[in-house]
$ cat final19.txt   # compact mmCIF, C-alpha atoms
# COMPACT_ATOMS: atom_id res chain seq x y z
CA MET A 1 4.22 35.14 21.04
CA ASN A 2 1.67 33.19 19.17
CA PRO A 3 0.88 29.82 20.90
CA GLU A 4 0.44 28.23 17.48
CA GLU A 5 4.14 28.78 16.52
CA PRO A 6 5.75 25.96 18.56
CA LYS A 7 3.12 23.66 17.21
CA ASP A 8 3.91 24.69 13.63
CA ALA A 9 7.65 24.24 14.24
CA ALA A 10 7.02 20.76 15.58
CA GLU A 11 4.89 19.97 12.57
CA HIS A 12 7.66 21.26 10.27
CA LEU A 13 10.14 19.01 12.03
CA LEU A 14 7.80 16.10 11.63
CA ASP A 15 7.34 16.89 7.96
CA ASP A 16 11.10 17.14 7.45
CA ARG A 17 11.67 13.85 9.18
CA TRP A 18 8.89 12.28 7.17
CA LEU A 19 10.43 13.66 3.95
CA ASP A 20 13.94 12.44 4.83
CA GLU A 21 12.64 9.01 5.62
CA ALA A 22 10.53 8.80 2.50
CA LEU A 23 13.36 10.05 0.26
CA ALA A 24 15.76 7.55 1.83
CA HIS A 25 13.45 4.71 0.91
CA TYR A 26 12.56 6.14 -2.47
CA SER A 27 15.42 4.52 -4.43
CA ALA A 28 16.50 1.95 -1.88
CA ALA A 29 15.37 -0.89 -4.10
CA GLU A 30 17.63 -3.90 -4.03
CA PRO A 31 18.08 -5.85 -7.25
CA ARG A 32 17.40 -9.57 -7.44
CA ALA A 33 20.29 -11.74 -6.33
CA GLY A 34 22.94 -12.43 -8.98
CA LEU A 35 22.52 -9.23 -10.98
CA GLU A 36 26.26 -8.96 -11.62
CA THR A 37 26.48 -12.55 -12.88
CA ARG A 38 23.53 -12.03 -15.20
CA ILE A 39 25.05 -8.84 -16.59
CA VAL A 40 28.45 -10.49 -17.19
CA ALA A 41 26.79 -13.48 -18.89
CA ASN A 42 24.77 -11.13 -21.07
CA LEU A 43 27.91 -9.23 -22.03
CA GLN A 44 29.70 -12.43 -23.02
CA ALA A 45 26.70 -13.53 -25.10
CA HIS A 46 26.58 -10.11 -26.72
CA ALA A 47 30.30 -10.29 -27.59
CA ALA A 48 29.90 -13.76 -29.10
CA ARG A 49 26.86 -12.63 -31.07
CA ARG A 50 28.73 -9.64 -32.40
CA GLN A 51 31.71 -11.78 -33.43
CA ARG A 52 29.38 -14.23 -35.20
CA ARG A 53 27.72 -11.33 -37.00
CA TRP A 54 31.13 -10.15 -38.25
CA ILE A 55 31.96 -13.63 -39.54
CA TYR A 56 28.60 -13.96 -41.34
CA GLY A 57 28.96 -10.48 -42.75
CA PHE A 58 32.43 -11.24 -44.08
CA ALA A 59 31.23 -14.52 -45.59
CA ALA A 60 28.28 -12.78 -47.23
CA ALA A 61 30.53 -10.07 -48.66
CA ALA A 62 32.96 -12.67 -50.04
CA ALA A 63 30.07 -14.60 -51.59
CA ALA A 64 28.72 -11.41 -53.17
CA VAL A 65 32.13 -10.57 -54.65
CA LEU A 66 32.51 -14.10 -56.05
CA PHE A 67 29.02 -13.95 -57.52
CA ALA A 68 29.75 -10.58 -59.12
CA VAL A 69 33.00 -11.88 -60.63
CA ALA A 70 31.21 -14.95 -61.94
CA MET A 71 28.48 -12.79 -63.51
CA VAL A 72 31.06 -10.54 -65.18
CA ASN A 73 32.82 -13.60 -66.61
CA VAL A 74 29.56 -15.04 -67.93
CA ARG A 75 28.53 -11.80 -69.63
CA SER A 76 31.94 -10.93 -71.06
CA PRO A 77 32.59 -11.64 -74.83
CA LYS A 78 33.77 -15.05 -75.98
CA PRO A 79 37.50 -15.86 -76.14
CA GLU A 80 39.33 -14.22 -79.05
CA ALA A 81 40.92 -17.32 -80.56
CA PRO A 82 38.12 -18.08 -83.11
CA LYS A 83 37.87 -14.38 -84.00
CA ASN A 84 41.53 -14.25 -84.87
CA LEU A 85 41.12 -17.40 -86.88
CA ALA A 86 38.24 -15.88 -88.83
CA THR A 87 39.84 -12.50 -89.49
CA LYS A 88 43.23 -13.91 -90.26
CA THR A 89 44.03 -13.71 -93.94
CA PRO A 90 45.20 -16.98 -95.39
CA PRO A 91 48.75 -16.92 -96.79
CA SER A 92 47.55 -17.74 -100.29
CA GLU A 93 45.38 -14.60 -100.26
CA VAL A 94 48.20 -12.46 -98.97
CA GLU A 95 50.25 -13.50 -101.92
CA LEU A 96 47.42 -12.67 -104.24
CA THR A 97 46.78 -9.26 -102.70
CA GLY A 98 50.20 -8.18 -103.88
CA GLN A 99 48.96 -8.68 -107.41
CA ALA A 100 45.64 -6.99 -106.79
CA ASN A 101 46.91 -3.55 -107.69
CA THR A 102 48.09 -4.65 -111.10
CA VAL A 103 45.74 -4.04 -114.03
CA THR A 104 45.15 -6.96 -116.35
CA ASN A 105 43.10 -7.35 -119.42
CA HIS A 106 42.17 -10.94 -118.70
CA PRO A 107 38.60 -11.28 -117.36
CA GLN A 108 39.51 -14.24 -115.16
CA GLN A 109 42.30 -12.32 -113.51
CA ALA A 110 39.98 -9.34 -112.99
CA SER A 111 37.38 -11.48 -111.30
CA VAL A 112 40.04 -13.01 -109.07
CA GLN A 113 41.11 -9.51 -108.17
CA HIS A 114 37.52 -8.70 -107.15
CA VAL A 115 37.42 -11.56 -104.78
CA GLN A 116 40.90 -11.09 -103.45
CA GLU A 117 40.43 -7.41 -102.80
CA ARG A 118 37.13 -8.05 -101.14
CA ARG A 119 38.67 -10.63 -98.86
CA THR A 120 41.60 -8.44 -97.89
CA MET A 121 39.62 -5.19 -97.50
CA PRO A 122 40.21 -4.03 -93.89
CA THR A 123 36.76 -2.57 -93.35
CA MET A 124 33.57 -3.26 -91.47
CA GLN A 125 32.57 -5.82 -94.06
CA GLU A 126 35.45 -8.04 -93.12
CA ASN A 127 34.58 -7.76 -89.48
CA ARG A 128 31.03 -8.70 -90.26
CA VAL A 129 32.17 -11.84 -92.02
CA GLY A 130 34.40 -12.58 -89.07
CA SER A 131 31.58 -12.12 -86.59
CA GLU A 132 29.31 -14.37 -88.64
CA VAL A 133 31.93 -17.08 -88.49
CA ASN A 134 32.20 -16.44 -84.78
CA LEU A 135 28.49 -16.88 -84.33
CA GLN A 136 28.64 -20.14 -86.24
CA ILE A 137 31.46 -21.34 -84.03
CA ALA A 138 29.77 -20.08 -80.85
CA GLU A 139 26.71 -22.16 -81.61
CA VAL A 140 28.77 -25.31 -81.37
CA LYS A 141 28.87 -26.47 -77.76
CA PRO A 142 31.94 -28.15 -76.20
CA GLY A 143 29.92 -31.31 -75.64
CA ASP A 144 28.96 -31.33 -79.28
CA LEU A 145 32.58 -30.98 -80.29
CA LEU A 146 33.54 -33.95 -78.15
CA ALA A 147 30.66 -35.93 -79.58
CA ASP A 148 31.73 -34.93 -83.06
CA GLU A 149 35.28 -36.00 -82.38
CA SER A 150 34.20 -39.35 -81.10
CA THR A 151 31.83 -39.95 -83.98
CA SER A 152 34.11 -38.55 -86.67
CA GLU A 153 36.58 -41.30 -86.00
CA GLN A 154 33.91 -43.86 -86.89
CA GLU A 155 31.68 -42.13 -89.40
CA GLY A 156 30.68 -38.76 -90.85
CA PRO A 157 32.69 -35.92 -92.38
CA PRO A 158 35.66 -34.31 -90.59
CA PRO A 159 35.15 -30.89 -88.87
CA ILE A 160 35.04 -27.89 -91.19
CA ASP A 161 38.11 -25.71 -91.25
CA PRO A 162 37.28 -21.98 -91.54
CA SER A 163 40.17 -21.37 -93.95
CA GLU A 164 38.87 -24.12 -96.18
CA THR A 165 35.36 -22.70 -96.18
CA SER A 166 36.66 -19.27 -97.15
CA ARG A 167 38.58 -20.82 -99.97
CA GLN A 168 35.47 -22.66 -101.12
CA GLU A 169 33.51 -19.44 -101.03
CA GLN A 170 36.17 -17.75 -103.06
CA GLU A 171 36.14 -20.48 -105.68
CA SER A 172 32.37 -20.46 -105.90
CA VAL A 173 32.35 -16.70 -106.47
CA VAL A 174 34.99 -17.04 -109.18
CA ALA A 175 32.96 -19.77 -110.82
CA GLU A 176 29.83 -17.60 -110.81
CA GLN A 177 31.62 -14.68 -112.35
CA GLN A 178 33.20 -16.86 -115.01
CA SER A 179 29.81 -18.24 -116.01
CA ALA A 180 28.33 -14.74 -116.31
CA PRO A 181 28.33 -13.03 -119.76
CA GLU A 182 31.28 -10.81 -120.62
CA SER A 183 29.05 -7.78 -121.04
CA ASN A 184 28.55 -7.74 -117.29
CA LEU A 185 32.26 -7.47 -116.64
CA PRO A 186 33.48 -4.12 -115.42
CA ALA A 187 35.75 -1.89 -117.45
CA LEU A 188 39.41 -2.56 -117.04
CA SER A 189 40.48 0.69 -115.57
CA ILE A 190 41.54 1.26 -111.98
CA GLU A 191 38.68 3.67 -111.20
CA ALA A 192 36.10 1.43 -112.80
CA ILE A 193 37.29 -1.56 -110.82
CA GLU A 194 37.05 0.28 -107.54
CA ILE A 195 33.51 1.48 -108.23
CA LYS A 196 32.27 -1.86 -109.48
CA GLU A 197 33.99 -3.78 -106.73
CA LEU A 198 31.78 -2.35 -104.02
CA ALA A 199 28.50 -2.63 -105.87
CA PRO A 200 28.28 -6.42 -106.39
CA PHE A 201 29.52 -7.05 -102.89
CA LYS A 202 26.65 -5.07 -101.37
CA LYS A 203 24.20 -6.95 -103.53
CA MET A 204 25.61 -10.20 -102.34
CA ASP A 205 25.14 -9.20 -98.72
CA MET B 206 60.62 -7.82 -35.79
CA TYR B 207 56.86 -7.45 -35.29
CA LEU B 208 55.18 -10.60 -36.60
CA PRO B 209 51.45 -10.94 -37.34
CA GLU B 210 51.22 -13.66 -34.66
CA GLN B 211 52.53 -11.17 -32.13
CA ALA B 212 49.95 -8.63 -33.26
CA ILE B 213 47.14 -11.16 -32.91
CA LEU B 214 48.46 -12.23 -29.50
CA SER B 215 48.74 -8.66 -28.24
CA ARG B 216 45.23 -7.92 -29.50
CA THR B 217 43.86 -11.00 -27.77
CA ILE B 218 45.58 -10.01 -24.54
CA ALA B 219 44.24 -6.48 -24.87
CA ALA B 220 40.72 -7.80 -25.50
CA GLN B 221 41.00 -10.11 -22.51
CA SER B 222 42.23 -7.35 -20.25
CA MET B 223 39.43 -5.10 -21.52
CA ALA B 224 36.85 -7.78 -20.78
CA GLU B 225 38.33 -8.21 -17.33
CA GLN B 226 38.20 -4.46 -16.78
CA VAL B 227 34.55 -4.30 -17.78
CA GLU B 228 33.76 -7.28 -15.59
CA ALA B 229 35.41 -5.55 -12.64
CA VAL B 230 33.33 -2.44 -13.28
CA VAL B 231 30.18 -4.57 -13.42
CA ARG B 232 31.00 -6.27 -10.11
CA GLN B 233 31.73 -2.91 -8.48
CA HIS B 234 28.91 -0.71 -9.78
CA ALA B 235 26.04 -2.94 -10.95
CA ARG B 236 23.92 -2.21 -7.86
CA PHE B 237 24.49 1.54 -8.17
CA VAL B 238 23.52 1.52 -11.86
CA TYR B 239 20.42 -0.49 -11.02
CA GLN B 240 19.39 2.07 -8.40
CA VAL B 241 19.84 4.99 -10.81
CA ALA B 242 17.65 3.17 -13.31
CA TYR B 243 15.11 2.29 -10.63
CA ALA B 244 14.93 5.93 -9.49
CA VAL B 245 13.78 6.89 -12.97
CA LEU B 246 11.63 3.93 -13.95
CA ARG B 247 10.24 2.72 -10.59
CA HIS B 248 10.03 -0.83 -11.91
CA PRO B 249 12.46 -3.65 -10.93
CA GLN B 250 12.48 -5.50 -14.24
CA ASP B 251 12.82 -2.35 -16.32
CA ALA B 252 15.64 -1.19 -14.04
CA GLU B 253 17.48 -4.47 -14.58
CA ASP B 254 17.06 -4.21 -18.34
CA VAL B 255 18.47 -0.70 -18.23
CA ALA B 256 21.42 -1.91 -16.16
CA GLN B 257 22.12 -4.59 -18.79
CA GLU B 258 21.89 -2.05 -21.60
CA THR B 259 24.13 0.36 -19.71
CA PHE B 260 26.91 -2.19 -19.36
CA ILE B 261 26.60 -3.20 -23.00
CA ARG B 262 27.25 0.43 -23.88
CA VAL B 263 30.16 0.49 -21.44
CA TRP B 264 31.57 -2.60 -23.14
CA LYS B 265 31.25 -0.93 -26.55
CA HIS B 266 33.20 2.10 -25.26
CA ALA B 267 35.60 0.10 -23.13
CA LYS B 268 38.57 1.88 -24.65
CA GLU B 269 37.42 5.12 -23.04
CA LEU B 270 37.13 3.47 -19.64
CA ALA B 271 40.80 3.96 -18.77
CA GLY B 272 40.53 7.73 -19.31
CA VAL B 273 37.42 8.21 -17.17
CA LEU B 274 38.14 10.05 -13.93
CA ASN B 275 34.88 9.47 -12.09
CA GLN B 276 33.55 6.09 -13.11
CA ARG B 277 30.44 6.34 -10.93
CA ALA B 278 29.35 9.61 -12.50
CA TRP B 279 30.12 8.29 -15.98
CA LEU B 280 28.07 5.16 -15.37
CA ALA B 281 25.26 7.14 -13.76
CA ARG B 282 25.11 9.39 -16.78
CA ILE B 283 24.85 6.45 -19.21
CA ALA B 284 22.26 4.72 -17.03
CA TRP B 285 20.29 7.93 -16.70
CA ARG B 286 20.14 8.45 -20.45
CA VAL B 287 19.21 4.84 -21.16
CA ALA B 288 16.49 5.00 -18.51
CA ILE B 289 15.10 8.29 -19.85
CA ASP B 290 15.00 6.81 -23.37
CA ARG B 291 13.19 3.76 -22.07
CA ARG B 292 10.67 5.82 -20.13
CA ARG B 293 10.00 7.86 -23.26
CA LYS B 294 9.26 4.68 -25.21
CA HIS B 295 7.32 2.96 -22.43
CA PRO B 296 5.63 5.50 -20.13
CA LEU B 297 5.08 4.58 -16.48
CA ILE B 298 2.02 2.50 -15.73
CA GLY B 299 1.75 1.67 -12.04
CA THR B 300 0.12 -1.62 -11.15
CA ASP B 301 -0.36 -3.57 -7.95
CA GLU B 302 2.06 -6.21 -9.27
CA ASP B 303 4.90 -3.72 -8.82
CA LEU B 304 4.35 -3.57 -5.06
CA PRO B 305 6.95 -5.44 -3.00
CA GLU B 306 5.87 -8.52 -1.14
CA LEU B 307 4.86 -7.99 2.49
CA PRO B 308 6.68 -9.84 5.26
CA ALA B 309 4.63 -12.41 7.18
CA ASN B 310 5.19 -11.01 10.73
CA GLY B 311 2.76 -8.46 12.24
CA THR B 312 5.06 -5.57 13.15
CA GLY B 313 7.24 -5.95 10.07
CA ALA B 314 4.17 -6.07 7.87
CA GLU B 315 2.80 -2.89 9.46
CA GLU B 316 6.09 -1.06 8.97
CA SER B 317 6.32 -2.24 5.41
CA VAL B 318 2.81 -1.01 4.65
CA ILE B 319 3.53 2.39 6.19
CA ARG B 320 6.77 2.66 4.22
CA ARG B 321 5.04 1.66 1.04
CA GLN B 322 2.36 4.31 1.61
CA GLN B 323 5.08 6.88 2.26
CA VAL B 324 6.86 6.05 -0.98
CA VAL B 325 3.65 6.05 -3.02
CA LEU B 326 2.71 9.44 -1.60
CA LEU B 327 6.21 10.80 -2.28
CA GLU B 328 6.09 9.48 -5.86
CA ARG B 329 2.83 11.34 -6.44
CA MET B 330 4.20 14.52 -4.95
CA ILE B 331 7.41 14.34 -6.98
CA ALA B 332 5.36 13.81 -10.12
CA THR B 333 3.75 17.22 -9.58
CA LEU B 334 7.12 19.04 -9.42
CA PRO B 335 8.66 20.84 -12.41
CA ARG B 336 10.78 18.56 -14.55
CA GLU B 337 14.22 19.94 -13.65
CA LEU B 338 13.41 19.67 -9.93
CA GLN B 339 12.09 16.16 -10.45
CA GLU B 340 15.33 15.05 -12.12
CA THR B 341 17.57 16.55 -9.46
CA LEU B 342 15.56 15.19 -6.57
CA THR B 343 15.26 11.73 -8.09
CA LEU B 344 19.02 11.45 -8.54
CA SER B 345 19.63 12.78 -5.03
CA THR B 346 17.63 9.89 -3.61
CA VAL B 347 20.08 7.38 -5.04
CA GLU B 348 22.35 6.11 -2.32
CA GLU B 349 25.72 7.86 -1.98
CA MET B 350 25.20 10.12 -4.94
CA THR B 351 26.81 13.49 -4.30
CA SER B 352 25.71 16.83 -5.70
CA VAL B 353 28.89 16.90 -7.83
CA GLU B 354 27.97 13.60 -9.44
CA ILE B 355 24.38 14.76 -9.97
CA GLY B 356 25.76 17.89 -11.63
CA GLU B 357 27.91 15.73 -13.93
CA VAL B 358 24.97 13.55 -14.86
CA LEU B 359 22.64 16.45 -15.58
CA ASP B 360 25.42 18.61 -17.03
CA ILE B 361 24.77 21.49 -14.63
CA PRO B 362 26.96 23.18 -11.97
CA GLU B 363 26.95 21.86 -8.43
CA SER B 364 25.48 25.11 -7.07
CA THR B 365 22.48 24.72 -9.35
CA VAL B 366 22.01 21.20 -8.06
CA ARG B 367 21.93 22.47 -4.47
CA VAL B 368 19.48 25.27 -5.28
CA ARG B 369 17.20 22.87 -7.11
CA MET B 370 17.28 20.39 -4.27
CA LEU B 371 16.35 23.09 -1.73
CA ARG B 372 13.49 24.30 -3.90
CA ALA B 373 12.26 20.79 -4.48
CA ARG B 374 12.31 19.96 -0.76
CA GLN B 375 10.49 23.20 0.05
CA MET B 376 7.77 22.48 -2.46
CA LEU B 377 7.39 18.95 -1.17
CA ARG B 378 7.06 20.23 2.39
CA GLU B 379 4.34 22.65 1.33
CA LYS B 380 2.45 19.88 -0.39
CA LEU B 381 2.82 17.65 2.65
CA GLN B 382 1.44 20.38 4.92
CA ALA B 383 -1.50 20.90 2.62
CA ILE B 384 -2.25 17.18 2.73
CA THR B 385 -1.93 17.10 6.54
CA GLU B 386 -4.29 20.08 6.98
CA ARG B 387 -6.80 18.50 4.63
CA ASN B 388 -6.66 15.32 6.72
CA LYS B 389 -7.09 17.35 9.94
CA ASP B 390 -10.11 19.15 8.53
CA GLY B 391 -11.56 15.86 7.50
CA THR B 392 -11.06 14.43 10.98
CA LYS B 393 -12.60 17.53 12.65
CA ARG B 394 -15.61 17.40 10.37
CA PHE B 395 -15.95 13.69 11.06
CA LYS B 396 -15.81 14.32 14.85
CA ALA B 397 -18.30 17.22 14.59
CA GLY B 398 -20.65 15.07 12.57
CA ALA B 399 -20.44 12.33 15.19
CA GLU B 400 -21.23 14.79 18.05
CA VAL B 401 -24.22 16.17 16.17
$ encode --input "final19.txt" --output "structure tokens"
Amino acid sequence: MNPEEPKDAAEHLLDDRWLDEALAHYSAAEPRAGLETRIVANLQAHAARRQRRWIYGFAAAAAAVLFAVAMVNVRSPKPEAPKNLATKTPPSEVELTGQANTVTNHPQQASVQHVQERRTMPTMQENRVGSEVNLQIAEVKPGDLLADESTSEQEGPPPIDPSETSRQEQESVVAEQQSAPESNLPALSIEAIEIKELAPFKKMD
Amino acid sequence: MYLPEQAILSRTIAAQSMAEQVEAVVRQHARFVYQVAYAVLRHPQDAEDVAQETFIRVWKHAKELAGVLNQRAWLARIAWRVAIDRRRKHPLIGTDEDLPELPANGTGAEESVIRRQQVVLLERMIATLPRELQETLTLSTVEEMTSVEIGEVLDIPESTVRVRMLRARQMLREKLQAITERNKDGTKRFKAGAEV
């Protein structure tokens, strides 16, 4: 038997004991006093913070939605009431349109037909006239209207009615055509009227 | 009829009971979680931060708490992962400030110094082990942690845990012997030099 063996065994035992002891102390660290209280307080603060974040997030989302709705309202087209007013055919014209299809030899009646047919023509041209009137109306601000109302009672002309303006236009066109020489009048056939009707209107535009 | 007030009330009660549950878990296992974190990070403040983070995660998954069979293993697993993440972000840098304060008395101070030296030496030896052995041995040093719980934390069978622990201990013993023999040689040489 080797005399070194008992010595080695003793050393092994010592090493094992040393290892056990060292490993036992390796993670035997004690936390500072009140760790549990600190953790609970931190959890409560975290919960409150999270709740606050939800509230702020909801408020921000609501504000964003309101802002988006407001922007859509601002950018949307103007109310349709003035447009209807502009495109609406006055009753006097409606009556006249019934006569528009009849062929007359009188130059005055022919010129009236030109105007009446032009006014009642359901095409892009009519819409353009309507939109121009709209633009004119859109330029007038509500404040201006109020100011006009207040001042019109004292002085100045009354507000312009769109139906009246259209009638004035119509009369002025009739007057122009009456003053023109008869050689410029179109032939009194249905086809000729239709062709000539469009030409002067384009020139006017 | 189930009114909205009743729904709100039942939710509030459920939230309160959940908070109470989490608080009970904190009171019961905070020290254990701290020790798991300390075993990985070897720094008191970092270990406390990890414990806080662990319980925040527990609070977030409080609904699962009722279905957990082994709460200790579940908590140890969360703490382990949080600690590993933290160590990855902030690698260990040992400083003298981390050393515990020495007691004032003579014998106690001597014991404390010896213990401190032991732990520092063990830390260095564990650092030289392969990673899987390091992890197993580190968790085994945490108080009252069984090989089953270690297996649950590391997601390995219990038998593997035992084998790894044996291998780790064996390697540590070999390293310790090598250090002892080196010290003996040094002492012999010193004695021989003094005689000459």
$ interface_residues --input "final19.txt" --of "chain A" --to "chain B" --cutoff "6 Å" --atoms "all atoms listed in the file" --output "list in words"
Ala22, Leu23, Tyr26, Ser27, Glu36 and Ile39 of chain A
$ residues_around --input "final19.txt" --residues "Arg293 of chain B" --least-positions-apart "5" --cutoff "12 Å" --atoms "only C-alpha atoms" --output "MDAnalysis selection string"
chainID B and resid 245:246 286:288
$ atom_distance --input "final19.txt" --atom1 "atom CA of Glu337 of chain B" --atom2 "atom CA of Arg369 of chain B"
7.8 Å
$ atom_distance --input "final19.txt" --atom1 "atom CA of Met370 of chain B" --atom2 "atom CA of Leu280 of chain B"
21.7 Å
$ axis_aligned_box --input "final19.txt" --around "segment 374-384 of chain B" --padding-each-side "8 Å" --output "lines of an AutoDock Vina configuration file"
center_x = 5.0
center_y = 20.2
center_z = 1.2
size_x = 30.6
size_y = 22.0
size_z = 23.4
$ atom_distance --input "final19.txt" --atom1 "atom CA of Leu274 of chain B" --atom2 "atom CA of Arg336 of chain B"
28.7 Å
$ closest_residue --input "final19.txt" --among "B:Ile384, B:Val368, B:Ile319, B:Leu359" --to "Ile289 of chain B" --atoms "all atoms listed in the file"
B:Leu359
$ residues_around --input "final19.txt" --residues "Arg282 of chain B" --least-positions-apart "6" --cutoff "9 Å" --atoms "all atoms listed in the file" --output "VMD selection string"
chain B and resid 354 to 355 357 to 359
